[in-house]
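So this one's entry.csv, CSV, C-alpha atoms:
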chain,number,residue,atom,x,y,z
A,94,MET,CA,-2.7,-20.9,21.4
A,95,GLN,CA,-6.4,-20.4,20.7
A,96,ARG,CA,-8.6,-18.2,22.9
A,97,ARG,CA,-12.3,-18.2,23.2
A,98,ILE,CA,-13.9,-14.8,22.8
A,99,ASN,CA,-17.5,-13.5,22.5
A,100,VAL,CA,-18.2,-11.6,19.3
A,101,SER,CA,-21.5,-9.9,18.4
A,102,LEU,CA,-22.7,-9.9,14.8
A,103,SER,CA,-25.8,-8.6,13.1
A,104,ASP,CA,-28.2,-11.2,11.8
A,105,GLU,CA,-27.2,-10.3,8.3
A,106,ALA,CA,-23.5,-10.7,9.0
A,107,LEU,CA,-24.1,-14.0,10.7
A,108,ALA,CA,-26.2,-15.3,7.8
A,109,ALA,CA,-23.5,-14.3,5.3
A,110,LEU,CA,-20.8,-15.9,7.5
A,111,ASP,CA,-22.7,-19.1,7.6
A,112,ARG,CA,-23.2,-19.1,3.8
A,113,HIS,CA,-19.5,-18.6,3.2
A,114,ALA,CA,-17.9,-20.6,6.0
A,115,GLY,CA,-20.6,-22.9,7.4
A,116,GLN,CA,-21.4,-23.1,11.1
A,117,ARG,CA,-18.5,-25.4,11.9
A,118,ALA,CA,-15.9,-23.2,10.3
A,119,ARG,CA,-16.9,-19.8,11.7
A,120,SER,CA,-13.9,-19.3,13.9
A,121,ARG,CA,-11.4,-20.2,11.2
A,122,PHE,CA,-13.1,-17.9,8.7
A,123,ILE,CA,-13.3,-15.0,11.2
A,124,GLU,CA,-9.6,-15.4,12.2
A,125,GLN,CA,-8.5,-15.4,8.5
A,126,ALA,CA,-10.7,-12.3,7.8
A,127,VAL,CA,-9.2,-10.5,10.8
A,128,MET,CA,-5.6,-11.4,9.8
A,129,ASP,CA,-6.3,-10.3,6.2
A,130,ALA,CA,-7.7,-6.9,7.4
A,131,ILE,CA,-4.7,-6.4,9.7
A,132,GLU,CA,-2.3,-7.1,6.9
A,133,ARG,CA,-4.1,-4.7,4.6
A,134,ALA,CA,-4.0,-2.0,7.3
A,135,GLU,CA,-0.3,-2.6,8.0
A,136,ASP,CA,0.4,-2.4,4.2
A,137,ALA,CA,-1.5,0.8,3.9
A,138,GLU,CA,0.5,2.3,6.9
A,139,ILE,CA,3.8,1.2,5.3
A,140,ASP,CA,2.7,2.8,1.9
A,141,ARG,CA,1.7,6.0,3.8
A,142,LEU,CA,5.1,6.2,5.6
A,143,LEU,CA,7.0,5.5,2.4
A,144,ALA,CA,5.1,8.2,0.5
A,145,GLU,CA,5.6,10.6,3.4
A,146,GLY,CA,9.3,9.9,3.5
A,147,ALA,CA,9.6,10.3,-0.2
A,148,GLU,CA,7.9,13.7,0.0
A,149,VAL,CA,10.0,14.8,2.9
A,150,HIS,CA,13.3,13.8,1.2
A,151,ALA,CA,12.2,14.8,-2.4
A,152,ALA,CA,14.4,18.0,-2.4
A,153,ARG,CA,17.5,16.1,-1.1
A,154,ASP,CA,16.9,13.2,-3.6
A,155,LEU,CA,16.4,15.6,-6.5
A,156,ALA,CA,19.7,17.4,-5.6
A,157,ILE,CA,21.5,14.1,-5.6
A,158,VAL,CA,20.0,13.2,-9.0
A,159,LYS,CA,20.9,16.5,-10.5
A,160,GLU,CA,24.5,16.1,-9.2
A,161,TRP,CA,24.8,12.7,-11.0
A,162,GLU,CA,22.6,13.6,-14.0
A,163,ALA,CA,25.4,14.3,-16.4
A,164,LEU,CA,26.9,10.9,-15.8
A,165,ASP,CA,23.6,9.0,-16.0
A,166,VAL,CA,22.1,10.8,-19.0
A,167,ASP,CA,25.1,10.3,-21.3
A,168,GLY,CA,24.2,7.7,-23.9
A,169,TRP,CA,20.6,7.3,-22.8
A,170,GLY,CA,18.9,9.8,-25.1
A,171,ASP,CA,16.5,12.6,-24.3
A,172,GLU,CA,13.4,10.5,-25.0
A,173,PHE,CA,14.3,8.0,-22.3
A,174,VAL,CA,15.0,10.7,-19.8
A,175,GLU,CA,11.7,12.6,-20.5
A,176,LYS,CA,9.8,9.3,-20.2
A,177,VAL,CA,11.3,8.6,-16.8
A,178,GLU,CA,10.6,12.1,-15.6
A,179,ARG,CA,7.0,11.9,-16.8
A,180,LYS,CA,6.5,8.6,-15.0
A,181,ARG,CA,8.0,10.0,-11.8
A,182,GLU,CA,5.7,13.1,-12.0
A,183,LYS,CA,2.6,10.8,-12.4
A,184,LYS,CA,3.6,8.8,-9.3
A,185,VAL,CA,4.0,12.0,-7.3
A,186,GLU,CA,0.6,13.3,-8.5
A,187,LYS,CA,-1.1,10.0,-7.7
A,188,ARG,CA,0.3,10.0,-4.2
A,189,ARG,CA,-0.9,13.6,-3.6
A,190,ALA,CA,-4.3,12.7,-5.0
A,191,ALA,CA,-4.6,9.7,-2.6
A,192,ARG,CA,-4.4,12.0,0.4
Take the structure from the file and write it as structure tokens.
Amino acid sequence: MQRRINVSLSDEALAALDRHAGQRARSRFIEQAVMDAIERAEDAEIDRLLAEGAEVHAARDLAIVKEWEALDVDGWGDEFVEKVERKREKKVEKRRAAR
């Protein structure tokens, strides 16, 4: 169901809207822009919650990894394990820097 609402835009925003969408497609363009913005905001919230959960459970997860490490490392070689550990550390640093 479509609802009619009243939206105020600056002259500059309206001119840009008309250049990109045209006067007859304003509503469709605005609706898509709103839905895209909401999707980005929801994705950002999910990313934040996942990072927060990873940080909260990091000690527990590390303990589990250490417990199973002997079984997992056999046959993989030290270079592979070091590469995986460096990659994990970079991800953790990146998450911390994003805050």
May I have the residues within 12 Å of Val100 (chain A) as number ranges by chain, using all atoms listed in the file and disregarding those fewer than 5 positions away in the same chain?
A: 106-107, 119-120, 123-124
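Using all atoms listed in the file, the residues found no farther than 12 Å from Phe122 (chain A), other than those of its own chain fewer than 6 positions away, are Leu107, Ala109, Leu110, Asp111, Arg112, His113, Ala114, Gly115, Gln116, Met128 and Asp129 of chain A.
Considering the residues A:Lys183, A:Arg133, A:Arg121, A:Arg189 and counting all atoms listed in the file, Glu148 (chain A) has its shortest atom-to-atom contact with A:Arg189.
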Can you pull out every residue within 12 Å of Ala147 (chain A), counting all atoms listed in the file, but drop anything in the same chain fewer than 5 positions away, and send it as a ChimeraX atom specification?
/A:140-142,152-155,181,184-185,188-189
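Distance-wise, CA of Val177 (chain A) and CA of Ala163 (chain A) end up 15.2 Å apart.
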